[in-house]
Structures are given as structure tokens and as C-alpha cells.
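> You'll find work_3.txt just under this line, and it carries compact mmCIF, C-alpha atoms.
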```
# COMPACT_ATOMS: atom_id res chain seq x y z
CA MET A 655 39.35 -69.50 -44.21
CA THR A 656 42.97 -68.37 -44.35
CA GLU A 657 42.68 -64.61 -44.41
CA TRP A 658 45.69 -62.42 -44.01
CA ARG A 659 46.03 -58.72 -44.04
CA THR A 660 46.78 -56.71 -47.12
CA GLU A 661 50.07 -54.94 -46.67
CA GLU A 662 51.50 -52.05 -48.62
CA VAL A 663 55.31 -52.11 -48.75
CA LYS A 664 58.00 -50.12 -50.51
CA LEU A 665 60.87 -51.77 -52.30
CA LYS A 666 64.44 -50.51 -51.95
CA ASP A 667 63.96 -48.47 -55.14
CA ASP A 668 60.74 -46.95 -53.67
CA ARG A 669 58.35 -48.84 -55.95
CA PRO A 670 55.12 -49.58 -54.07
CA VAL A 671 54.04 -53.22 -53.78
CA THR A 672 50.90 -54.75 -52.31
CA LEU A 673 51.12 -58.10 -50.52
CA ARG A 674 47.83 -59.99 -50.20
CA ASN A 675 46.20 -63.40 -50.28
CA LEU A 676 45.66 -64.92 -53.70
CA ASN A 677 42.36 -66.49 -54.62
CA GLY A 678 40.70 -67.99 -57.66
CA THR A 679 39.96 -64.62 -59.23
CA ASP A 680 43.72 -64.03 -59.55
CA ALA A 681 44.22 -67.12 -61.74
CA PRO A 682 44.42 -65.18 -65.05
CA LEU A 683 47.35 -63.15 -63.69
CA PHE A 684 49.21 -66.29 -62.66
CA VAL A 685 49.33 -67.80 -66.15
CA GLY A 686 51.47 -64.94 -67.48
CA PHE A 687 53.49 -64.80 -64.28
CA PHE A 688 54.28 -68.53 -64.48
CA SER A 689 55.58 -68.14 -68.04
CA GLN A 690 57.70 -65.10 -67.12
CA VAL A 691 59.26 -66.91 -64.14
CA ALA A 692 60.32 -69.73 -66.47
CA ASP A 693 61.87 -67.24 -68.89
CA ASP A 694 63.66 -65.28 -66.13
CA SER A 695 65.75 -68.13 -64.72
CA ASN A 696 65.99 -71.88 -64.29
CA TYR A 697 66.05 -71.74 -60.48
CA THR A 698 62.45 -72.97 -60.20
CA LEU A 699 60.93 -76.15 -61.54
CA ARG A 700 59.25 -74.11 -64.29
CA TYR A 701 60.94 -74.38 -67.68
CA PRO A 702 60.51 -72.22 -70.80
CA GLY A 703 57.69 -73.45 -72.99
CA GLU A 704 56.16 -75.58 -70.25
CA PRO A 705 52.38 -75.65 -70.69
CA ASN A 706 50.55 -73.70 -68.02
CA PRO A 707 47.79 -75.38 -66.09
CA PRO A 708 44.34 -74.21 -67.23
CA GLU A 709 43.05 -71.10 -65.45
CA ALA A 710 40.08 -73.09 -64.17
CA LYS A 711 42.41 -75.58 -62.47
CA ILE A 712 44.48 -72.79 -60.90
CA SER A 713 41.32 -71.02 -59.77
CA GLU A 714 39.92 -74.21 -58.21
CA ARG A 715 43.21 -74.94 -56.42
CA TRP A 716 43.57 -71.39 -55.10
CA ASN A 717 39.99 -71.26 -53.86
CA ALA A 718 40.59 -74.53 -52.00
CA ALA A 719 43.77 -73.08 -50.45
CA ALA A 720 41.91 -69.90 -49.46
CA ALA A 721 39.35 -72.06 -47.64
CA SER A 722 42.04 -74.05 -45.80
CA ARG A 723 43.42 -73.03 -42.43
CA ASP A 724 46.75 -74.71 -43.16
CA GLU A 725 47.68 -73.20 -46.52
CA PHE A 726 48.70 -69.71 -47.47
CA LEU A 727 49.05 -68.25 -50.96
CA LEU A 728 50.67 -64.83 -50.95
CA GLY A 729 50.82 -62.58 -53.99
CA ALA A 730 52.97 -59.51 -54.49
CA PHE A 731 51.51 -56.92 -56.85
CA ASN A 732 52.93 -53.85 -58.53
CA GLU A 733 49.63 -52.16 -59.33
CA SER A 734 47.71 -54.94 -61.10
CA GLU A 735 50.77 -56.99 -62.15
CA LEU A 736 51.56 -60.15 -60.19
CA ILE A 737 55.31 -59.93 -59.51
CA GLY A 738 55.77 -62.48 -56.71
CA HIS A 739 54.15 -65.63 -55.39
CA LEU A 740 54.72 -67.58 -52.18
CA MET A 741 52.97 -70.85 -51.42
CA PHE A 742 53.04 -72.19 -47.86
CA GLY A 743 51.46 -75.34 -46.45
CA LYS A 744 51.83 -77.88 -43.72
CA ALA A 745 54.28 -80.55 -44.80
CA ARG A 746 52.06 -83.51 -43.90
CA GLY A 747 48.72 -81.90 -43.19
CA ASN A 748 47.70 -82.49 -39.62
CA HIS A 749 49.63 -85.70 -39.02
CA PRO A 750 50.08 -85.60 -35.21
CA TRP A 751 53.86 -86.04 -35.35
CA CYS A 752 54.49 -83.49 -38.10
CA LYS A 753 51.78 -80.84 -37.84
CA HIS A 754 54.38 -78.35 -36.58
CA VAL A 755 56.29 -78.52 -39.92
CA GLY A 756 55.54 -76.26 -42.88
CA TYR A 757 57.10 -75.90 -46.30
CA PHE A 758 57.12 -73.15 -48.88
CA ALA A 759 58.08 -72.23 -52.42
CA MET A 760 58.60 -68.68 -53.64
CA MET A 761 58.99 -67.11 -57.07
CA ILE A 762 59.70 -63.46 -57.87
CA LEU A 763 60.03 -61.88 -61.30
CA LYS A 764 63.65 -61.01 -62.10
CA PRO A 765 63.14 -57.21 -62.38
CA TYR A 766 62.23 -57.30 -58.66
CA TRP A 767 65.19 -59.35 -57.43
CA GLY A 768 67.42 -57.61 -54.88
CA GLN A 769 64.73 -55.09 -53.90
CA GLY A 770 63.80 -56.58 -50.51
CA LEU A 771 60.59 -58.19 -51.77
CA GLY A 772 61.64 -61.75 -50.90
CA GLN A 773 62.47 -60.68 -47.34
CA LYS A 774 59.08 -59.00 -46.92
CA MET A 775 57.25 -62.04 -48.31
CA LEU A 776 59.16 -64.35 -45.94
CA GLN A 777 58.33 -62.13 -42.95
CA THR A 778 54.64 -62.32 -43.85
CA MET A 779 54.92 -66.11 -44.16
CA PHE A 780 56.64 -66.39 -40.75
CA ALA A 781 53.78 -64.50 -39.10
CA PHE A 782 51.20 -66.72 -40.78
CA ALA A 783 53.11 -69.91 -39.90
CA GLY A 784 53.14 -68.92 -36.25
CA SER A 785 49.38 -68.34 -36.34
CA VAL A 786 48.81 -71.98 -37.42
CA ASP A 787 51.25 -73.44 -34.88
CA VAL A 788 54.04 -74.18 -37.33
CA THR A 789 57.42 -74.02 -35.60
CA ARG A 790 59.64 -75.41 -38.36
CA ILE A 791 59.67 -74.30 -42.00
CA GLU A 792 61.44 -76.25 -44.74
CA ALA A 793 62.28 -75.61 -48.38
CA SER A 794 64.92 -76.31 -50.97
CA VAL A 795 67.09 -73.99 -53.03
CA ARG A 796 69.53 -74.72 -55.80
CA VAL A 797 73.13 -74.36 -54.63
CA ASP A 798 74.01 -72.09 -57.56
CA ASN A 799 71.14 -69.68 -56.75
CA SER A 800 73.42 -67.40 -54.74
CA HIS A 801 70.79 -64.66 -54.32
CA GLY A 802 68.26 -67.18 -52.98
CA VAL A 803 70.76 -68.88 -50.67
CA ARG A 804 71.85 -65.49 -49.29
CA LEU A 805 68.22 -64.39 -48.77
CA TYR A 806 67.29 -67.56 -46.90
CA GLU A 807 70.40 -67.53 -44.72
CA LYS A 808 69.81 -63.84 -43.92
CA SER A 809 66.25 -64.80 -42.92
CA GLY A 810 67.47 -67.42 -40.44
CA PHE A 811 67.33 -70.59 -42.55
CA LEU A 812 70.09 -73.12 -42.08
CA ILE A 813 71.40 -75.50 -44.72
CA GLU A 814 70.67 -78.95 -43.32
CA GLY A 815 71.88 -81.00 -46.24
CA THR A 816 72.64 -81.07 -49.92
CA ARG A 817 71.13 -83.35 -52.54
CA ARG A 818 73.78 -84.00 -55.17
CA SER A 819 72.85 -83.86 -58.86
CA SER A 820 69.19 -83.10 -58.10
CA PHE A 821 68.66 -81.44 -61.46
CA LEU A 822 69.98 -82.13 -64.94
CA ILE A 823 69.57 -79.03 -67.12
CA ASN A 824 71.02 -78.93 -70.62
CA GLY A 825 73.58 -81.59 -69.76
CA THR A 826 74.73 -80.02 -66.48
CA TYR A 827 73.98 -81.42 -63.03
CA TYR A 828 72.97 -79.06 -60.21
CA ASP A 829 72.90 -79.66 -56.47
CA GLU A 830 70.12 -78.55 -54.15
CA HIS A 831 70.30 -77.41 -50.52
CA MET A 832 67.64 -78.56 -48.09
CA ILE A 833 67.02 -75.61 -45.77
CA ALA A 834 64.99 -75.14 -42.61
CA LYS A 835 64.21 -72.50 -40.01
CA GLN A 836 62.96 -72.99 -36.47
CA LEU A 837 60.45 -70.31 -35.46
```
For the structure just supplied, provide its representation as C-alpha cells.

Amino acid sequence: MTEWRTEEVKLKDDRPVTLRNLNGTDAPLFVGFFSQVADDSNYTLRYPGEPNPPEAKISERWNAAAASRDEFLLGAFNESELIGHLMFGKARGNHPWCKHVGYFAMMILKPYWGQGLGQKMLQTMFAFAGSVDVTRIEASVRVDNSHGVRLYEKSGFLIEGTRRSSFLINGTYYDEHMIAKQL
């Protein structure tokens, strides 16, 4: 089972936040969170009005991740409100040539942007990744997401390439950086 410590952190504005593993019992919180993320920005693959997966499906998926040694689901909570989510996994499971490579995706509600939460979530992920022998972490970030790009570069990620016109949103094409960090 992928257990990680619960950590109490303070944001730059002194709001307290709890970082902890997510599991199936947190699924009801995620449905509202998912919708809010889509309303906050178009930097994720969530879009406004997109149907949420059923709670039972989320719960089943999160319980499976909690039982896996190679996956990590981190939640950030302000009291009982889910305000951030980070999903980490091995890129190709335990394929012998790639088992050192992990990937992640992170979402944080807009009222918590710029408060140091992303940095704290990444630090927790780096510690977990090292514990499962991951030495390279990959992700992607839209080029126009300046806050995200700055956060990842500050955290040691390098831009390794750019996919041109990866997204078409309301008639406008957006590029996407492929980023990676060696641990």
C-alpha cells in the first residue's frame, strides 16, 4: 500500500493546509473540485460543463491507487475542502527499461495559486518518487500557463521540447511544453 505521511503546511498567507493521501472515501469531494478546476482556468484537460465521472468510479480508482506501490494520489485540504490534487505514477509500470520514469499531473484551485502550495505538493511527490526508485519525472504544461511554467522551472524541471498546436480551444491553438526533472 502506498502510504505517505500527513503533513500540515502553512501557505504564504498563513492559511493552514493538510497534505495527505487520497483514497476512495474522498471521492465525493473530488466531484466538486473537478468542476471548480474546469471553471477556474483552461490549463487542464477539464472543461466547463464536462460530465464528472461517477463517484463510485473515482472511489474504485483511488482505492486501487492506494493499494499500489507505484502510484501516489496527494490531496491538499483547507479544513475539509479539497483544494489541490496531484497524481503520480510510473510512466510504463514496471517495464524493465522504463521503471525509473514517473509522470504527474497537478491541479490547484485558483484562490490558492501563488501561495506556495504547488511547491509543497511537488516536494512531497519528489520524496515519494525517490522511495519507489523513480529518478526521472515527466509532465506537460501549456506554454501560456506562465505560473505553472515558472513553478516547474523553479522546482528543477527543464523544458525538453514543445508540441505545437497541442490544443484547440475556442478557435485558438495552444502549444505545450514537455518537461522533465532528474532526481
> Which polymer residues have any atom within 10 Å of an atom of Met760 (chain A), counting all atoms listed in the file, with same-chain residues fewer than 2 positions away left out, as a PyMOL selection string?
chain A and resi 698+727-729+738-742+758+762+772+775-776+793+802
> Find the residues near region 764-770 of chain A: any atom within 7 Å, counting only C-alpha atoms, skip ones fewer than 5 places away on the same chain, and give them as a count of residues only.
4
> Neighbours of Gln777 (chain A) within 12 Å (only C-alpha atoms; same-chain residues fewer than 5 positions away dropped), as a list in words?
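Residues meeting the cut-off are Glu661, Val663, Leu673, Leu728, Leu740, Gly770, Leu771, Gly772, Phe782, Ala783, Gly784, Leu805, Tyr806, Lys808, Ser809, Gly810 and Leu837 of chain A.
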> Please, what distance in Å, to one decimal, runs between CA of Ile791 (chain A) and CA of Asn748 (chain A)?
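CA of Asn748 (chain A) lies at a distance of 14.7 Å from CA of Ile791 (chain A).
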> One decimal, in Å: what's the spacing between CA of Pro702 (chain A) and CA of Leu822 (chain A)?
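The value is 14.9 Å.
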> Smallest atom-to-atom distance to Ser722 (chain A): which of A:Asn706, A:Lys774, A:Phe688, A:Lys744, using all atoms listed in the file?
A:Lys744
> Which is closest to Glu830 (chain A) among A:Ala781, A:Glu735, A:Tyr697, A:Ala720, if we use only C-alpha atoms?
A:Tyr697
> Mind pulling up the distance from CA of Arg715 (chain A) to CA of Thr679 (chain A)?
11.2 Å
> What lies within 12 Å of Lys753 (chain A) using all atoms listed in the file, ignoring chain neighbours under 2 positions off, as a list in words?
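After dropping sequence-adjacent residues, the list is Asp724, Gly743, Lys744, Ala745, Arg746, Gly747, Asn748, His749, Pro750, Trp751, Val755, Gly756, Tyr757, Ala783, Val786, Asp787, Val788, Thr789, Arg790 and Ile791 of chain A.
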> Would you list the contacts of Thr660 (chain A) as a ChimeraX atom specification, taking every protein, DNA or RNA residue within 8 Å and counting all atoms listed in the file, but skipping same-chain residues closer than 5 positions in sequence?
/A:672-675
> Restricting the output to C-alpha atoms, write the selected residues as an mmCIF file, in the frame of the given file.

```cif
data_model
loop_
_atom_site.group_PDB
_atom_site.id
_atom_site.type_symbol
_atom_site.label_atom_id
_atom_site.label_comp_id
_atom_site.auth_asym_id
_atom_site.auth_seq_id
_atom_site.Cartn_x
_atom_site.Cartn_y
_atom_site.Cartn_z
ATOM 1 C CA THR A 672 50.900 -54.750 -52.310
ATOM 2 C CA LEU A 673 51.120 -58.100 -50.520
ATOM 3 C CA ARG A 674 47.830 -59.990 -50.200
ATOM 4 C CA ASN A 675 46.200 -63.400 -50.280
#
```
> For region 715-729 of chain A, supply N, CA and C atoms and format the output as an mmCIF file, in the frame of the given file.

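Output below, filename out05.cif:
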```cif
data_model
loop_
_atom_site.group_PDB
_atom_site.id
_atom_site.type_symbol
_atom_site.label_atom_id
_atom_site.label_comp_id
_atom_site.auth_asym_id
_atom_site.auth_seq_id
_atom_site.Cartn_x
_atom_site.Cartn_y
_atom_site.Cartn_z
ATOM 1 N N ARG A 715 42.174 -74.648 -57.414
ATOM 2 C CA ARG A 715 43.210 -74.940 -56.420
ATOM 3 C C ARG A 715 43.369 -73.784 -55.436
ATOM 4 N N TRP A 716 43.376 -72.549 -55.967
ATOM 5 C CA TRP A 716 43.570 -71.390 -55.100
ATOM 6 C C TRP A 716 42.365 -71.142 -54.211
ATOM 7 N N ASN A 717 41.175 -71.397 -54.706
ATOM 8 C CA ASN A 717 39.990 -71.260 -53.860
ATOM 9 C C ASN A 717 40.021 -72.287 -52.732
ATOM 10 N N ALA A 718 40.475 -73.502 -53.036
ATOM 11 C CA ALA A 718 40.590 -74.530 -52.000
ATOM 12 C C ALA A 718 41.625 -74.108 -50.954
ATOM 13 N N ALA A 719 42.741 -73.543 -51.395
ATOM 14 C CA ALA A 719 43.770 -73.080 -50.450
ATOM 15 C C ALA A 719 43.234 -71.938 -49.600
ATOM 16 N N ALA A 720 42.466 -71.034 -50.204
ATOM 17 C CA ALA A 720 41.910 -69.900 -49.460
ATOM 18 C C ALA A 720 40.937 -70.375 -48.378
ATOM 19 N N ALA A 721 40.305 -71.519 -48.616
ATOM 20 C CA ALA A 721 39.350 -72.060 -47.640
ATOM 21 C C ALA A 721 40.026 -72.900 -46.567
ATOM 22 N N SER A 722 41.297 -73.195 -46.737
ATOM 23 C CA SER A 722 42.040 -74.050 -45.800
ATOM 24 C C SER A 722 42.690 -73.198 -44.718
ATOM 25 N N ARG A 723 42.719 -73.725 -43.510
ATOM 26 C CA ARG A 723 43.420 -73.030 -42.430
ATOM 27 C C ARG A 723 44.930 -73.262 -42.500
ATOM 28 N N ASP A 724 45.344 -74.300 -43.192
ATOM 29 C CA ASP A 724 46.750 -74.710 -43.160
ATOM 30 C C ASP A 724 47.558 -74.307 -44.385
ATOM 31 N N GLU A 725 46.956 -73.624 -45.328
ATOM 32 C CA GLU A 725 47.680 -73.200 -46.520
ATOM 33 C C GLU A 725 47.599 -71.689 -46.649
ATOM 34 N N PHE A 726 48.600 -71.160 -47.319
ATOM 35 C CA PHE A 726 48.700 -69.710 -47.470
ATOM 36 C C PHE A 726 49.275 -69.430 -48.842
ATOM 37 N N LEU A 727 48.574 -68.660 -49.637
ATOM 38 C CA LEU A 727 49.050 -68.250 -50.960
ATOM 39 C C LEU A 727 49.181 -66.735 -50.941
ATOM 40 N N LEU A 728 50.392 -66.262 -51.016
ATOM 41 C CA LEU A 728 50.670 -64.830 -50.950
ATOM 42 C C LEU A 728 51.053 -64.327 -52.338
ATOM 43 N N GLY A 729 50.456 -63.229 -52.731
ATOM 44 C CA GLY A 729 50.820 -62.580 -53.990
ATOM 45 C C GLY A 729 51.416 -61.221 -53.709
#
```
